[in-house]
Amino acid sequence: MASQELIRKLEETIENVPDFPIPGIQFKDISPIFLDPKLYEEVIDDLVKFSKGKVDAVCGIESRGYLFGIAIAVALEVPFILIRKKGKLPPPIISEKYDLEYGSAEIETREGQIKKGQRILIHDDLLATGGTTEAAAKLVEKQGAEVVQFSFLIGLKDLKGDERLKKFNAEIYHTLQY
């Protein structure tokens, strides 16, 4: 869906930082995008095209999912709902635990903000293994809503996050894939 021109601009802008945060990881630094307001607008336009007319709300995953997710929701004229790490939202909350490589984590959203029957887009900046995104989708389903789309600025193909999300029968979109 993204134009070759947008992909080219993003590939020239996103910085690859080797061995961060730990040796062997190739960190994709998206922060240079925010130095170019026109490029940021192009990214939002691309992500909005994917979802226009298909969703009733956007859920963004803390914290980098907010960077584009809020703008997507505003452009679509739908609510934006925060999905946060445990302990960051006031009650009442709904939570979902998920496993990490070592241990577990938990995400939350405020009870009542996701409405039964809503069609939800879950957005994050990057899809790696899909564990956090899968937990976010389960959090949405617990509240009687349906995840109809996932969107990401970047997808890391080798980590197979798409495979993990297929069980939700939702559309999956990445502006870029590595």
# chains A, B, ... in the order shown; residues from 1 in each chain; ligands from 1
call {"tool": "select_by_dssp", "arguments": {"residues": "chain A", "states": "alpha helix (DSSP H)", "output": "ChimeraX atom specification"}}
result
/A:4-13,37-51,65-76,131-142,161-165
call {"tool": "closest_atom_pairs", "arguments": {"of": "stretch 116-142 of chain A", "to": "stretch 92-99 of chain A", "cutoff": "9 Å", "atoms": "only C-alpha atoms", "output": "CSV"}}
result
residue,atom,partner,partner_atom,distance
A:Gly131,CA,A:Tyr98,CA,6.9
A:Thr132,CA,A:Tyr98,CA,7.2
A:Glu134,CA,A:Tyr98,CA,8.5
A:Ala135,CA,A:Glu96,CA,6.1
A:Ala136,CA,A:Glu96,CA,7.5
A:Lys138,CA,A:Glu96,CA,7.1
A:Leu139,CA,A:Glu96,CA,5.8
A:Lys142,CA,A:Ile94,CA,8.2
call {"tool": "residues_around", "arguments": {"residues": "A:Pro79", "least_positions_apart": "6", "cutoff": "8 Å", "atoms": "only C-alpha atoms", "output": "NGL selection string"}}
result
:A and (56-58 or 73)
call {"tool": "closest_residue", "arguments": {"among": "A:Lys54, A:Pro23, A:Phe168, A:Leu10", "to": "A:Asp36", "atoms": "only C-alpha atoms"}}
result
A:Leu10
call {"tool": "closest_residue", "arguments": {"among": "A:Ala105, A:Ile30, A:Val140, A:Leu153", "to": "A:His123", "atoms": "only C-alpha atoms"}}
result
A:Leu153
call {"tool": "residues_around", "arguments": {"residues": "A:Val55", "least_positions_apart": "6", "cutoff": "10 Å", "atoms": "only C-alpha atoms", "output": "short mmCIF file (atom, residue, chain, number, x, y, z; two decimals) with N, CA and C atoms, in the first residue's frame"}}
result
data_model
loop_
_atom_site.label_atom_id
_atom_site.label_comp_id
_atom_site.auth_asym_id
_atom_site.auth_seq_id
_atom_site.Cartn_x
_atom_site.Cartn_y
_atom_site.Cartn_z
N ALA A 73 -6.06 8.09 14.79
CA ALA A 73 -7.41 8.22 15.33
C ALA A 73 -8.01 9.58 15.01
N LEU A 76 -9.00 9.69 11.42
CA LEU A 76 -10.16 8.84 11.17
C LEU A 76 -11.41 9.33 11.90
N VAL A 78 -12.10 8.97 15.11
CA VAL A 78 -12.55 7.94 16.03
C VAL A 78 -11.78 8.08 17.34
N PRO A 79 -12.27 7.48 18.42
CA PRO A 79 -11.57 7.56 19.70
C PRO A 79 -10.20 6.88 19.67
N GLN A 118 -17.41 -2.83 19.14
CA GLN A 118 -16.56 -1.92 18.35
C GLN A 118 -15.58 -2.71 17.49
N ARG A 119 -15.30 -2.14 16.32
CA ARG A 119 -14.25 -2.65 15.44
C ARG A 119 -12.99 -1.88 15.79
N ILE A 120 -11.93 -2.60 16.20
CA ILE A 120 -10.74 -1.97 16.75
C ILE A 120 -9.53 -2.17 15.85
N LEU A 121 -8.78 -1.09 15.67
CA LEU A 121 -7.44 -1.12 15.09
C LEU A 121 -6.46 -1.06 16.26
N ILE A 122 -5.53 -2.01 16.32
CA ILE A 122 -4.44 -1.94 17.29
C ILE A 122 -3.21 -1.47 16.53
N GLU A 146 -14.06 -6.29 18.73
CA GLU A 146 -13.40 -7.14 17.74
C GLU A 146 -12.20 -6.42 17.16
N VAL A 147 -11.05 -7.08 17.20
CA VAL A 147 -9.86 -6.54 16.53
C VAL A 147 -10.01 -6.86 15.05
N VAL A 148 -10.15 -5.83 14.24
CA VAL A 148 -10.32 -6.04 12.79
C VAL A 148 -9.05 -5.69 12.02
N GLN A 149 -8.14 -4.94 12.67
CA GLN A 149 -6.90 -4.54 12.00
C GLN A 149 -5.76 -4.37 13.01
#
call {"tool": "closest_residue", "arguments": {"among": "A:Ser51, A:Gly69, A:Ile14, A:Ala75", "to": "A:Gln26", "atoms": "only C-alpha atoms"}}
result
A:Ile14
call {"tool": "select_by_dssp", "arguments": {"residues": "stretch 99-139 of chain A", "states": "strand (DSSP E or B)", "output": "list in words"}}
result
Asp99, Ser104, Ala105, Glu106, Ile107, Glu108, Thr109, Arg110, Arg119, Ile120, Leu121, Ile122, His123, Asp124, Asp125, Leu126 and Leu127 of chain A
call {"tool": "atom_distance", "arguments": {"atom1": "atom CA of A:Pro90", "atom2": "atom CA of A:Thr133"}}
result
21.7 Å
call {"tool": "closest_residue", "arguments": {"among": "A:Ile114, A:Ala170, A:Val17, A:Ile22", "to": "A:Cys59", "atoms": "only C-alpha atoms"}}
result
A:Ile114
call {"tool": "residues_around", "arguments": {"residues": "A:Gly161", "least_positions_apart": "2", "cutoff": "6 Å", "atoms": "only C-alpha atoms", "output": "list of chain:residue names"}}
result
A:Ala128, A:Thr129, A:Gly130, A:Leu159, A:Glu163, A:Arg164
call {"tool": "closest_residue", "arguments": {"among": "A:Ala71, A:Met1, A:Ala145, A:Ile172", "to": "A:Gln113", "atoms": "only C-alpha atoms"}}
result
A:Ala145
call {"tool": "atom_distance", "arguments": {"atom1": "atom CA of A:Gly155", "atom2": "atom CA of A:Lys116"}}
result
29.1 Å
call {"tool": "closest_residue", "arguments": {"among": "A:Thr109, A:Tyr66, A:Lys157, A:Ile72", "to": "A:Lys86", "atoms": "only C-alpha atoms"}}
result
A:Thr109
call {"tool": "atom_distance", "arguments": {"atom1": "atom CA of A:Thr175", "atom2": "atom CA of A:Phe20"}}
result
22.6 Å
